[in-house]
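Structure file my_file.pdb (PDB, C-alpha atoms) is printed below.
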```pdb
ATOM      1  CA  MET A  23     -27.827 -35.931  -5.430
ATOM      2  CA  SER A  24     -26.434 -37.104  -8.753
ATOM      3  CA  LEU A  25     -26.278 -40.717  -9.798
ATOM      4  CA  ILE A  26     -22.635 -40.038 -10.702
ATOM      5  CA  ARG A  27     -22.029 -40.046  -6.954
ATOM      6  CA  ALA A  28     -22.823 -43.753  -6.894
ATOM      7  CA  GLY A  29     -20.626 -44.644  -9.873
ATOM      8  CA  TRP A  30     -17.754 -47.117  -9.781
ATOM      9  CA  PRO A  31     -14.789 -46.641  -9.675
ATOM     10  CA  ASN A  32     -14.819 -42.825  -9.482
ATOM     11  CA  THR A  33     -16.141 -42.750  -5.906
ATOM     12  CA  GLN A  34     -14.189 -45.663  -4.453
ATOM     13  CA  ALA A  35     -13.011 -43.505  -1.565
ATOM     14  CA  MET A  36     -16.623 -42.617  -0.713
ATOM     15  CA  LEU A  37     -17.879 -46.187  -0.506
ATOM     16  CA  PRO A  38     -18.324 -47.749   2.948
ATOM     17  CA  GLN A  39     -15.546 -49.942   4.298
ATOM     18  CA  ALA A  40     -17.945 -52.547   5.672
ATOM     19  CA  VAL A  41     -21.469 -53.781   4.991
ATOM     20  CA  SER A  42     -23.864 -55.739   7.190
ATOM     21  CA  ILE A  43     -25.930 -58.406   5.433
ATOM     22  CA  ARG A  44     -29.130 -59.837   6.855
ATOM     23  CA  GLU A  45     -29.738 -63.333   5.517
ATOM     24  CA  VAL A  46     -33.459 -63.803   4.763
ATOM     25  CA  GLY A  47     -33.450 -67.231   3.127
ATOM     26  CA  PRO A  48     -34.946 -69.149   6.082
ATOM     27  CA  ARG A  49     -37.990 -66.851   6.106
ATOM     28  CA  ASP A  50     -38.432 -64.843   2.932
ATOM     29  CA  GLY A  51     -36.837 -67.577   0.853
ATOM     30  CA  LEU A  52     -38.638 -70.630   2.177
ATOM     31  CA  GLN A  53     -42.069 -68.992   2.400
ATOM     32  CA  SER A  54     -42.268 -69.135  -1.399
ATOM     33  CA  GLU A  55     -41.264 -72.804  -1.662
ATOM     34  CA  ASP A  56     -43.242 -75.971  -1.096
ATOM     35  CA  PRO A  57     -43.318 -76.658   2.674
ATOM     36  CA  ILE A  58     -39.924 -77.766   3.975
ATOM     37  CA  PRO A  59     -39.645 -80.147   6.966
ATOM     38  CA  THR A  60     -38.980 -78.398  10.253
ATOM     39  CA  ALA A  61     -35.702 -80.240  10.781
ATOM     40  CA  GLU A  62     -34.429 -79.011   7.415
ATOM     41  CA  LYS A  63     -35.269 -75.416   8.265
ATOM     42  CA  ILE A  64     -33.335 -75.758  11.501
ATOM     43  CA  ARG A  65     -30.384 -77.273   9.626
ATOM     44  CA  LEU A  66     -30.367 -74.345   7.190
ATOM     45  CA  ILE A  67     -30.465 -71.701   9.918
ATOM     46  CA  GLU A  68     -27.696 -73.388  11.875
ATOM     47  CA  ALA A  69     -25.513 -73.758   8.777
ATOM     48  CA  LEU A  70     -25.981 -70.082   7.887
ATOM     49  CA  SER A  71     -25.118 -69.160  11.480
ATOM     50  CA  HIS A  72     -21.580 -70.455  10.940
ATOM     51  CA  THR A  73     -20.714 -68.637   7.700
ATOM     52  CA  GLY A  74     -19.816 -65.339   9.357
ATOM     53  CA  LEU A  75     -23.213 -63.756   8.747
ATOM     54  CA  SER A  76     -24.061 -61.458  11.635
ATOM     55  CA  ARG A  77     -27.848 -61.252  11.078
ATOM     56  CA  ILE A  78     -30.429 -63.859  10.090
ATOM     57  CA  GLU A  79     -34.178 -63.467   9.594
ATOM     58  CA  ALA A  80     -35.216 -66.810  11.019
ATOM     59  CA  VAL A  81     -39.019 -67.129  10.909
ATOM     60  CA  SER A  82     -42.306 -65.302  10.421
ATOM     61  CA  PHE A  83     -45.214 -65.280  12.867
ATOM     62  CA  VAL A  84     -47.968 -65.082  10.286
ATOM     63  CA  HIS A  85     -51.282 -66.939  10.359
ATOM     64  CA  PRO A  86     -50.680 -70.511   9.090
ATOM     65  CA  LYS A  87     -53.651 -70.257   6.729
ATOM     66  CA  ALA A  88     -51.998 -67.297   5.025
ATOM     67  CA  ILE A  89     -48.512 -68.807   4.695
ATOM     68  CA  PRO A  90     -48.501 -72.482   5.749
ATOM     69  CA  GLN A  91     -44.756 -72.672   5.073
ATOM     70  CA  MET A  92     -44.209 -70.678   8.288
ATOM     71  CA  ALA A  93     -46.689 -72.605  10.473
ATOM     72  CA  ASP A  94     -43.866 -74.198  12.484
ATOM     73  CA  ALA A  95     -42.144 -70.918  13.382
ATOM     74  CA  LYS A  96     -42.353 -71.445  17.143
ATOM     75  CA  GLU A  97     -41.018 -75.000  16.900
ATOM     76  CA  VAL A  98     -38.162 -73.964  14.623
ATOM     77  CA  TRP A  99     -37.066 -71.164  16.907
ATOM     78  CA  SER A 100     -37.345 -73.187  20.110
ATOM     79  CA  THR A 101     -35.149 -75.942  18.647
ATOM     80  CA  VAL A 102     -32.456 -74.148  16.648
ATOM     81  CA  ALA A 103     -28.983 -73.950  18.196
ATOM     82  CA  VAL A 104     -28.358 -70.215  18.520
ATOM     83  CA  ASN A 105     -24.966 -68.705  17.710
ATOM     84  CA  ASP A 106     -24.376 -65.835  20.123
ATOM     85  CA  ALA A 107     -22.454 -63.939  17.436
ATOM     86  CA  VAL A 108     -25.606 -63.710  15.295
ATOM     87  CA  THR A 109     -28.628 -61.430  15.709
ATOM     88  CA  TYR A 110     -31.803 -63.324  14.801
ATOM     89  CA  SER A 111     -35.020 -61.556  13.859
ATOM     90  CA  ALA A 112     -38.627 -62.493  13.156
ATOM     91  CA  LEU A 113     -41.176 -60.936  10.827
ATOM     92  CA  ALA A 114     -44.649 -60.085  12.109
ATOM     93  CA  PRO A 115     -47.497 -58.897   9.868
ATOM     94  CA  ASN A 116     -49.498 -57.312  12.685
ATOM     95  CA  LEU A 117     -49.817 -56.825  16.453
ATOM     96  CA  VAL A 118     -50.866 -60.431  17.073
ATOM     97  CA  GLY A 119     -47.812 -61.718  15.226
ATOM     98  CA  ALA A 120     -45.521 -59.304  17.064
ATOM     99  CA  LYS A 121     -46.796 -60.537  20.429
ATOM    100  CA  ARG A 122     -46.170 -64.147  19.370
ATOM    101  CA  ALA A 123     -42.627 -63.243  18.325
ATOM    102  CA  LEU A 124     -41.963 -61.523  21.645
ATOM    103  CA  GLN A 125     -43.391 -64.459  23.591
ATOM    104  CA  SER A 126     -41.029 -66.743  21.657
ATOM    105  CA  GLY A 127     -38.064 -64.711  22.841
ATOM    106  CA  PHE A 128     -37.202 -62.506  19.877
ATOM    107  CA  ALA A 129     -35.670 -59.119  20.684
ATOM    108  CA  ASP A 130     -35.515 -57.980  17.062
ATOM    109  CA  ILE A 131     -38.911 -57.679  15.357
ATOM    110  CA  GLU A 132     -39.729 -56.662  11.794
ATOM    111  CA  VAL A 133     -43.168 -55.526  10.714
ATOM    112  CA  VAL A 134     -44.148 -54.926   7.110
ATOM    113  CA  VAL A 135     -46.453 -52.383   5.522
ATOM    114  CA  SER A 136     -46.853 -51.812   1.786
ATOM    115  CA  ALA A 137     -46.544 -48.388   0.219
ATOM    116  CA  SER A 138     -49.071 -49.674  -2.318
ATOM    117  CA  ASP A 139     -52.579 -49.801  -0.905
ATOM    118  CA  THR A 140     -53.602 -52.580  -3.302
ATOM    119  CA  HIS A 141     -50.634 -54.749  -2.383
ATOM    120  CA  ASN A 142     -51.196 -54.152   1.315
ATOM    121  CA  ARG A 143     -54.827 -55.292   0.998
ATOM    122  CA  ASN A 144     -53.757 -58.333  -0.991
ATOM    123  CA  ASN A 145     -51.038 -59.115   1.545
ATOM    124  CA  ILE A 146     -52.614 -58.486   4.970
ATOM    125  CA  ARG A 147     -56.248 -57.653   4.145
ATOM    126  CA  ARG A 148     -56.194 -54.000   5.148
ATOM    127  CA  SER A 149     -55.324 -50.625   3.669
ATOM    128  CA  THR A 150     -51.930 -49.006   4.142
ATOM    129  CA  ASP A 151     -53.462 -46.380   6.439
ATOM    130  CA  GLU A 152     -55.122 -49.071   8.559
ATOM    131  CA  SER A 153     -51.763 -50.825   8.968
ATOM    132  CA  LEU A 154     -50.084 -47.553   9.889
ATOM    133  CA  ASP A 155     -52.795 -46.815  12.449
ATOM    134  CA  GLU A 156     -51.968 -50.097  14.216
ATOM    135  CA  LEU A 157     -48.222 -49.516  14.064
ATOM    136  CA  ALA A 158     -48.110 -46.994  16.898
ATOM    137  CA  GLU A 159     -49.534 -49.563  19.342
ATOM    138  CA  LEU A 160     -47.352 -52.296  17.883
ATOM    139  CA  ILE A 161     -44.186 -50.210  18.299
ATOM    140  CA  GLU A 162     -45.146 -49.383  21.882
ATOM    141  CA  THR A 163     -45.746 -53.076  22.625
ATOM    142  CA  VAL A 164     -42.367 -54.094  21.234
ATOM    143  CA  HIS A 165     -40.520 -51.370  23.128
ATOM    144  CA  ARG A 166     -42.305 -52.276  26.350
ATOM    145  CA  ASP A 167     -40.673 -55.705  25.975
ATOM    146  CA  GLU A 168     -37.293 -53.979  25.544
ATOM    147  CA  ALA A 169     -37.074 -55.220  21.958
ATOM    148  CA  GLU A 170     -36.334 -53.266  18.781
ATOM    149  CA  ILE A 171     -38.616 -52.874  15.802
ATOM    150  CA  GLU A 172     -37.853 -52.335  12.145
ATOM    151  CA  VAL A 173     -40.585 -51.194   9.773
ATOM    152  CA  ILE A 174     -40.203 -52.685   6.295
ATOM    153  CA  ILE A 175     -41.960 -50.696   3.583
ATOM    154  CA  ALA A 176     -42.852 -53.153   0.830
ATOM    155  CA  THR A 177     -43.401 -52.101  -2.808
ATOM    156  CA  SER A 178     -41.143 -49.111  -2.174
ATOM    157  CA  PHE A 179     -40.111 -48.991  -5.823
ATOM    158  CA  GLY A 180     -43.277 -50.149  -7.567
ATOM    159  CA  CYS A 181     -46.361 -52.333  -7.296
ATOM    160  CA  PRO A 182     -47.430 -55.116  -9.679
ATOM    161  CA  PHE A 183     -51.034 -53.918  -9.394
ATOM    162  CA  GLU A 184     -50.675 -50.127  -9.295
ATOM    163  CA  GLY A 185     -47.405 -49.563 -11.143
ATOM    164  CA  ASP A 186     -44.955 -46.890 -10.008
ATOM    165  CA  VAL A 187     -45.116 -45.817  -6.382
ATOM    166  CA  PRO A 188     -44.075 -42.171  -5.884
ATOM    167  CA  ALA A 189     -40.952 -41.806  -3.768
ATOM    168  CA  SER A 190     -42.741 -39.003  -1.928
ATOM    169  CA  ARG A 191     -45.407 -41.468  -0.747
ATOM    170  CA  VAL A 192     -42.733 -43.779   0.650
ATOM    171  CA  GLY A 193     -41.025 -40.799   2.269
ATOM    172  CA  ALA A 194     -44.272 -39.812   3.983
ATOM    173  CA  ILE A 195     -44.615 -43.317   5.415
ATOM    174  CA  VAL A 196     -41.053 -43.078   6.736
ATOM    175  CA  ASP A 197     -41.911 -39.771   8.417
ATOM    176  CA  ARG A 198     -44.931 -41.312  10.096
ATOM    177  CA  VAL A 199     -43.348 -44.535  11.395
ATOM    178  CA  LEU A 200     -40.313 -42.684  12.742
ATOM    179  CA  ALA A 201     -42.625 -40.243  14.522
ATOM    180  CA  ASP A 202     -44.331 -43.281  16.060
ATOM    181  CA  GLY A 203     -40.980 -44.528  17.379
ATOM    182  CA  ALA A 204     -39.695 -47.109  14.867
ATOM    183  CA  ASP A 205     -36.030 -47.936  15.502
ATOM    184  CA  ARG A 206     -35.150 -48.661  11.906
ATOM    185  CA  VAL A 207     -36.625 -48.507   8.413
ATOM    186  CA  ALA A 208     -36.175 -50.891   5.471
ATOM    187  CA  PHE A 209     -37.283 -50.619   1.859
ATOM    188  CA  GLY A 210     -38.531 -53.684   0.010
ATOM    189  CA  ASP A 211     -38.256 -54.045  -3.756
ATOM    190  CA  THR A 212     -41.087 -56.549  -3.652
ATOM    191  CA  THR A 213     -41.341 -57.325  -7.356
ATOM    192  CA  GLY A 214     -37.910 -56.342  -8.624
ATOM    193  CA  MET A 215     -39.093 -53.017 -10.069
ATOM    194  CA  ALA A 216     -36.237 -50.968  -8.603
ATOM    195  CA  THR A 217     -33.608 -49.413 -10.842
ATOM    196  CA  PRO A 218     -30.605 -47.261  -9.868
ATOM    197  CA  ARG A 219     -32.546 -44.127 -10.810
ATOM    198  CA  ARG A 220     -35.479 -45.021  -8.564
ATOM    199  CA  VAL A 221     -33.188 -46.007  -5.700
ATOM    200  CA  ALA A 222     -31.497 -42.615  -5.970
ATOM    201  CA  GLU A 223     -34.835 -40.781  -6.028
ATOM    202  CA  LEU A 224     -35.993 -42.476  -2.841
ATOM    203  CA  LEU A 225     -32.704 -42.086  -0.978
ATOM    204  CA  ASP A 226     -32.530 -38.420  -1.928
ATOM    205  CA  ILE A 227     -35.837 -37.891  -0.122
ATOM    206  CA  VAL A 228     -35.256 -40.137   2.891
ATOM    207  CA  LYS A 229     -31.599 -39.266   3.492
ATOM    208  CA  GLY A 230     -32.432 -35.596   3.104
ATOM    209  CA  ALA A 231     -35.129 -35.743   5.782
ATOM    210  CA  HIS A 232     -33.584 -38.341   8.122
ATOM    211  CA  PRO A 233     -29.799 -38.467   7.572
ATOM    212  CA  ASP A 234     -29.042 -40.430  10.747
ATOM    213  CA  VAL A 235     -31.774 -43.091  10.695
ATOM    214  CA  PRO A 236     -30.487 -46.642  10.000
ATOM    215  CA  LEU A 237     -31.717 -47.811   6.593
ATOM    216  CA  LEU A 238     -31.747 -51.285   5.070
ATOM    217  CA  LEU A 239     -32.524 -52.157   1.446
ATOM    218  CA  HIS A 240     -34.057 -55.410   0.199
ATOM    219  CA  PHE A 241     -33.677 -55.971  -3.537
ATOM    220  CA  HIS A 242     -35.025 -58.653  -5.820
ATOM    221  CA  ASN A 243     -33.151 -59.630  -8.968
ATOM    222  CA  THR A 244     -36.324 -60.285 -10.961
ATOM    223  CA  ARG A 245     -35.173 -57.997 -13.777
ATOM    224  CA  GLY A 246     -31.437 -58.283 -13.231
ATOM    225  CA  THR A 247     -30.878 -54.941 -11.487
ATOM    226  CA  ALA A 248     -30.251 -55.999  -7.872
ATOM    227  CA  LEU A 249     -26.467 -55.540  -7.752
ATOM    228  CA  ALA A 250     -26.680 -52.269  -9.690
ATOM    229  CA  ASN A 251     -29.184 -51.069  -7.107
ATOM    230  CA  VAL A 252     -26.851 -52.083  -4.276
ATOM    231  CA  LEU A 253     -24.009 -50.145  -5.881
ATOM    232  CA  THR A 254     -26.233 -47.072  -6.098
ATOM    233  CA  ALA A 255     -27.199 -47.381  -2.427
ATOM    234  CA  LEU A 256     -23.562 -47.807  -1.405
ATOM    235  CA  GLY A 257     -22.861 -44.447  -3.005
ATOM    236  CA  TYR A 258     -25.411 -42.945  -0.620
ATOM    237  CA  GLY A 259     -23.683 -44.490   2.377
ATOM    238  CA  VAL A 260     -26.157 -47.342   2.922
ATOM    239  CA  THR A 261     -24.410 -50.207   4.700
ATOM    240  CA  GLU A 262     -27.220 -52.689   5.390
ATOM    241  CA  PHE A 263     -28.790 -55.054   2.878
ATOM    242  CA  ASP A 264     -30.997 -58.131   2.815
ATOM    243  CA  ALA A 265     -30.049 -61.125   0.704
ATOM    244  CA  SER A 266     -31.165 -64.741   0.395
ATOM    245  CA  VAL A 267     -28.892 -67.748   0.104
ATOM    246  CA  GLY A 268     -28.935 -69.153  -3.429
ATOM    247  CA  GLY A 269     -31.442 -66.469  -4.440
ATOM    248  CA  LEU A 270     -34.269 -68.298  -2.688
ATOM    249  CA  GLY A 271     -37.614 -66.603  -2.527
ATOM    250  CA  GLY A 272     -39.926 -63.971  -3.901
ATOM    251  CA  CYS A 273     -43.310 -62.777  -2.671
ATOM    252  CA  PRO A 274     -46.379 -65.051  -2.572
ATOM    253  CA  TYR A 275     -48.666 -62.021  -2.905
ATOM    254  CA  ALA A 276     -46.986 -60.436  -5.936
ATOM    255  CA  PRO A 277     -47.176 -62.043  -9.396
ATOM    256  CA  GLY A 278     -43.770 -62.616 -10.969
ATOM    257  CA  ALA A 279     -41.816 -61.597  -7.869
ATOM    258  CA  SER A 280     -39.167 -64.264  -8.184
ATOM    259  CA  GLY A 281     -35.556 -64.007  -7.241
ATOM    260  CA  ASN A 282     -34.245 -62.374  -4.092
ATOM    261  CA  LEU A 283     -30.706 -61.103  -4.438
ATOM    262  CA  ALA A 284     -28.456 -64.112  -3.779
ATOM    263  CA  THR A 285     -26.319 -63.632  -0.678
ATOM    264  CA  GLU A 286     -23.250 -65.188  -2.267
ATOM    265  CA  GLU A 287     -23.542 -62.868  -5.281
ATOM    266  CA  LEU A 288     -23.694 -59.839  -2.999
ATOM    267  CA  VAL A 289     -20.754 -61.034  -0.886
ATOM    268  CA  HIS A 290     -18.738 -61.863  -4.008
ATOM    269  CA  MET A 291     -19.154 -58.346  -5.403
ATOM    270  CA  LEU A 292     -18.505 -56.568  -2.112
ATOM    271  CA  HIS A 293     -15.343 -58.531  -1.383
ATOM    272  CA  ASP A 294     -13.942 -57.773  -4.829
ATOM    273  CA  MET A 295     -14.600 -54.079  -4.132
ATOM    274  CA  GLY A 296     -12.652 -54.317  -0.880
ATOM    275  CA  ILE A 297     -15.754 -53.960   1.292
ATOM    276  CA  HIS A 298     -15.754 -56.109   4.421
ATOM    277  CA  THR A 299     -18.749 -58.356   5.223
ATOM    278  CA  GLY A 300     -17.320 -60.838   7.714
ATOM    279  CA  VAL A 301     -18.741 -63.679   5.595
ATOM    280  CA  ASP A 302     -16.789 -66.752   4.472
ATOM    281  CA  LEU A 303     -17.796 -66.924   0.796
ATOM    282  CA  GLU A 304     -16.814 -70.547   0.237
ATOM    283  CA  ALA A 305     -18.743 -71.631   3.334
ATOM    284  CA  LEU A 306     -21.739 -69.640   2.106
ATOM    285  CA  ILE A 307     -21.632 -71.331  -1.303
ATOM    286  CA  GLU A 308     -21.706 -74.702   0.464
ATOM    287  CA  VAL A 309     -24.861 -73.646   2.283
ATOM    288  CA  ALA A 310     -26.375 -72.478  -1.023
ATOM    289  CA  GLU A 311     -25.721 -75.966  -2.407
ATOM    290  CA  MET A 312     -27.489 -77.388   0.651
ATOM    291  CA  ALA A 313     -30.452 -75.060   0.102
ATOM    292  CA  GLU A 314     -30.703 -76.079  -3.541
ATOM    293  CA  LYS A 315     -30.905 -79.756  -2.600
ATOM    294  CA  MET A 316     -33.384 -78.917   0.144
ATOM    295  CA  VAL A 317     -35.909 -77.267  -2.187
ATOM    296  CA  GLY A 318     -35.275 -79.690  -5.041
ATOM    297  CA  ARG A 319     -34.847 -77.160  -7.822
ATOM    298  CA  THR A 320     -32.092 -75.148  -9.474
ATOM    299  CA  LEU A 321     -31.569 -71.839  -7.689
ATOM    300  CA  PRO A 322     -30.815 -68.706  -9.718
ATOM    301  CA  SER A 323     -27.486 -67.704  -8.155
ATOM    302  CA  GLY A 324     -24.715 -67.262 -10.710
ATOM    303  CA  VAL A 325     -21.986 -67.538  -8.072
ATOM    304  CA  LEU A 326     -23.500 -70.835  -6.948
ATOM    305  CA  ARG A 327     -23.207 -72.090 -10.534
ATOM    306  CA  ALA A 328     -19.796 -70.712 -11.484
ATOM    307  CA  GLY A 329     -18.103 -70.176  -8.148
ATOM    308  CA  PRO A 330     -16.156 -67.026  -7.233
ATOM    309  CA  ARG A 331     -14.054 -65.319  -9.909
ATOM    310  CA  SER A 332     -10.909 -66.525  -8.095
ATOM    311  CA  ARG A 333     -11.814 -70.173  -8.673
ATOM    312  CA  LEU A 334      -9.735 -71.353 -11.610
ATOM    313  CA  SER A 335     -10.135 -74.352 -13.909
ATOM    314  CA  LYS A 336      -7.457 -76.867 -14.824
ATOM    315  CA  LEU A 337      -6.268 -76.962 -18.435
TER     316      LEU A 337
END
```
Please, can you express the file's structure as structure tokens?
Amino acid sequence: MSLIRAGWPNTQAMLPQAVSIREVGPRDGLQSEDPIPTAEKIRLIEALSHTGLSRIEAVSFVHPKAIPQMADAKEVWSTVAVNDAVTYSALAPNLVGAKRALQSGFADIEVVVSASDTHNRNNIRRSTDESLDELAELIETVHRDEAEIEVIIATSFGCPFEGDVPASRVGAIVDRVLADGADRVAFGDTTGMATPRRVAELLDIVKGAHPDVPLLLHFHNTRGTALANVLTALGYGVTEFDASVGGLGGCPYAPGASGNLATEELVHMLHDMGIHTGVDLEALIEVAEMAEKMVGRTLPSGVLRAGPRSRLSKL
């Protein structure tokens, strides 16, 4: 499949009419910041819930010694005012975390495994194969609770320790987790190593083998390629993406992995392309301003700084 297929504007008619965005700021974003008070986390989730976003990754059930920023996950989730129009999900690193998420009432669980063996060991203290061996039982446990499970494959486009990760290796992991019953698959650009070429290589393999499986892509803007990568994926018919308000986040287990794709930057581009997201951009920018004050540092979002292209200045 040629990269020309993903070009703009030649394939405008081929691009999807609508895109679903999962907001990951409350989890993936805040886990890389200094600990934020529980009440502030709740305020952020509730504010995001009223911007038109349909999906929010709320918390992570990881051991508090590993990521102390998520130690209050149960308290956050039990207190937040839920918007019935939003699907909330929780990340679990293993079977123990998945059971905690289910006990807390989540019906949408994400579990992560790294395509890079070194990153997986650094992240959850086991090899990729060991994590995959546990996944079959984890998937069965989640389904027994009538919940859905998404397998996120981290370092899908490269590892800070090993370098390039072959797309064929990622494809083999997809084959295995789908055979074990995973409902969905996501690809994480953990350290911002993805480029349009590498996105195309991976989607060629995965779409060729599993054309009907729901796919989600999670890009970092560490090297400034996130929106270009989204555009490439749109050309392949991908309609689901992660993004983080203000560009919060990174990966605590990957050196230099700063800068999730900012949700308002993604929404801004999609709206200008005529692609529906259901998100109120101005309301989202207000929440990004709130997040910036919350963490006490300047966030990297350009749309947060400059506003949408339709915002004019007085002479």
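Non-sequential neighbours of Val207 (chain A) (distance at most 6 Å, separation of 2 or more positions within a chain, only C-alpha atoms) are Glu172, Val173, Ile174 and Leu237 of chain A.
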Point (-38.1, -61.0, 24.5) neighbourhood (10 Å, only C-alpha atoms) written as a PyMOL selection string:
chain A and resi 121+123-131+164+166-170
Would you put the residues from that selection into a file with C-alpha atoms, as a PDB file, in the frame of the given file?
```pdb
ATOM      1  CA  LYS A 121     -46.796 -60.537  20.429  1.00  0.00           C
ATOM      2  CA  ALA A 123     -42.627 -63.243  18.325  1.00  0.00           C
ATOM      3  CA  LEU A 124     -41.963 -61.523  21.645  1.00  0.00           C
ATOM      4  CA  GLN A 125     -43.391 -64.459  23.591  1.00  0.00           C
ATOM      5  CA  SER A 126     -41.029 -66.743  21.657  1.00  0.00           C
ATOM      6  CA  GLY A 127     -38.064 -64.711  22.841  1.00  0.00           C
ATOM      7  CA  PHE A 128     -37.202 -62.506  19.877  1.00  0.00           C
ATOM      8  CA  ALA A 129     -35.670 -59.119  20.684  1.00  0.00           C
ATOM      9  CA  ASP A 130     -35.515 -57.980  17.062  1.00  0.00           C
ATOM     10  CA  ILE A 131     -38.911 -57.679  15.357  1.00  0.00           C
ATOM     11  CA  VAL A 164     -42.367 -54.094  21.234  1.00  0.00           C
ATOM     12  CA  ARG A 166     -42.305 -52.276  26.350  1.00  0.00           C
ATOM     13  CA  ASP A 167     -40.673 -55.705  25.975  1.00  0.00           C
ATOM     14  CA  GLU A 168     -37.293 -53.979  25.544  1.00  0.00           C
ATOM     15  CA  ALA A 169     -37.074 -55.220  21.958  1.00  0.00           C
ATOM     16  CA  GLU A 170     -36.334 -53.266  18.781  1.00  0.00           C
TER      17      GLU A 170
END
```
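Look at everything within 12 Å of (-53.3, -59.5, 5.0) using only C-alpha atoms, and the residues you get are Val84, His85, Lys87, Ala88, Ile89, Ala114, Pro115, Asn116, Gly119, Val134, Val135, Ser136, Asp139, Thr140, His141, Asn142, Arg143, Asn144, Asn145, Ile146, Arg147, Arg148, Ser149, Thr150, Glu152, Ser153, Pro274 and Tyr275 of chain A.
Using only C-alpha atoms, the nearest neighbour of Met92 (chain A) within the list A:Ala112, A:Leu37, A:Leu256, A:Val309 is A:Ala112.
Between Arg122 (chain A) and the candidates A:Ile43, A:Lys96, A:Glu311, A:Gly269, the tightest atom-to-atom separation, counting all atoms listed in the file, involves A:Lys96.
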Output of the PyMOL selection byres ((chain A and resi 180) around 12), listed as a ChimeraX atom specification
/A:136-141,175-179,181-189,191-192,209-217,220-221,224,241-242,276,279
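Rounded to one decimal, CA of Ala255 (chain A) and CA of Pro48 (chain A) lie 24.6 Å from each other.
If you look at CA of Arg65 (chain A) and CA of Pro86 (chain A), they are 21.4 Å away from each other.
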For each of A:Glu287, A:Ala313, A:Leu292, A:Val199, take the minimum atom-to-atom distance to Ala328 (chain A), counting all atoms listed in the file, then give the residue where this is smallest.
A:Glu287
Considering all atoms listed in the file, can you say which of A:Asn251, A:Arg331, A:Leu238, A:Ser54 comes closest to His293 (chain A)?
A:Arg331
I need region 255-259 of chain A from the structure I supplied, saved as a PDB file, in the first residue's frame with all heavy atoms retained.
```pdb
ATOM      1  N   ALA A 255      -2.292   7.326   9.021  1.00  0.00           N
ATOM      2  CA  ALA A 255      -3.234   6.306   9.502  1.00  0.00           C
ATOM      3  C   ALA A 255      -4.646   6.551   8.979  1.00  0.00           C
ATOM      4  O   ALA A 255      -5.376   5.600   8.663  1.00  0.00           O
ATOM      5  CB  ALA A 255      -3.219   6.276  11.025  1.00  0.00           C
ATOM      6  N   LEU A 256      -5.034   7.811   8.870  1.00  0.00           N
ATOM      7  CA  LEU A 256      -6.354   8.122   8.311  1.00  0.00           C
ATOM      8  C   LEU A 256      -6.482   7.575   6.895  1.00  0.00           C
ATOM      9  O   LEU A 256      -7.541   7.086   6.492  1.00  0.00           O
ATOM     10  CB  LEU A 256      -6.583   9.640   8.292  1.00  0.00           C
ATOM     11  CG  LEU A 256      -6.796  10.337   9.634  1.00  0.00           C
ATOM     12  CD1 LEU A 256      -6.783  11.848   9.443  1.00  0.00           C
ATOM     13  CD2 LEU A 256      -8.101   9.899  10.291  1.00  0.00           C
ATOM     14  N   GLY A 257      -5.400   7.660   6.133  1.00  0.00           N
ATOM     15  CA  GLY A 257      -5.415   7.136   4.778  1.00  0.00           C
ATOM     16  C   GLY A 257      -5.612   5.640   4.719  1.00  0.00           C
ATOM     17  O   GLY A 257      -6.015   5.100   3.691  1.00  0.00           O
ATOM     18  N   TYR A 258      -5.345   4.956   5.810  1.00  0.00           N
ATOM     19  CA  TYR A 258      -5.561   3.509   5.909  1.00  0.00           C
ATOM     20  C   TYR A 258      -6.926   3.186   6.530  1.00  0.00           C
ATOM     21  O   TYR A 258      -7.222   2.031   6.819  1.00  0.00           O
ATOM     22  CB  TYR A 258      -4.466   2.864   6.743  1.00  0.00           C
ATOM     23  CG  TYR A 258      -3.186   2.611   5.978  1.00  0.00           C
ATOM     24  CD1 TYR A 258      -2.265   3.632   5.783  1.00  0.00           C
ATOM     25  CD2 TYR A 258      -2.892   1.354   5.458  1.00  0.00           C
ATOM     26  CE1 TYR A 258      -1.086   3.415   5.088  1.00  0.00           C
ATOM     27  CE2 TYR A 258      -1.723   1.116   4.766  1.00  0.00           C
ATOM     28  CZ  TYR A 258      -0.818   2.144   4.576  1.00  0.00           C
ATOM     29  OH  TYR A 258       0.341   1.925   3.872  1.00  0.00           O
ATOM     30  N   GLY A 259      -7.715   4.211   6.785  1.00  0.00           N
ATOM     31  CA  GLY A 259      -9.039   3.980   7.336  1.00  0.00           C
ATOM     32  C   GLY A 259      -9.098   3.875   8.844  1.00  0.00           C
ATOM     33  O   GLY A 259     -10.143   3.527   9.403  1.00  0.00           O
TER      34      GLY A 259
END
```
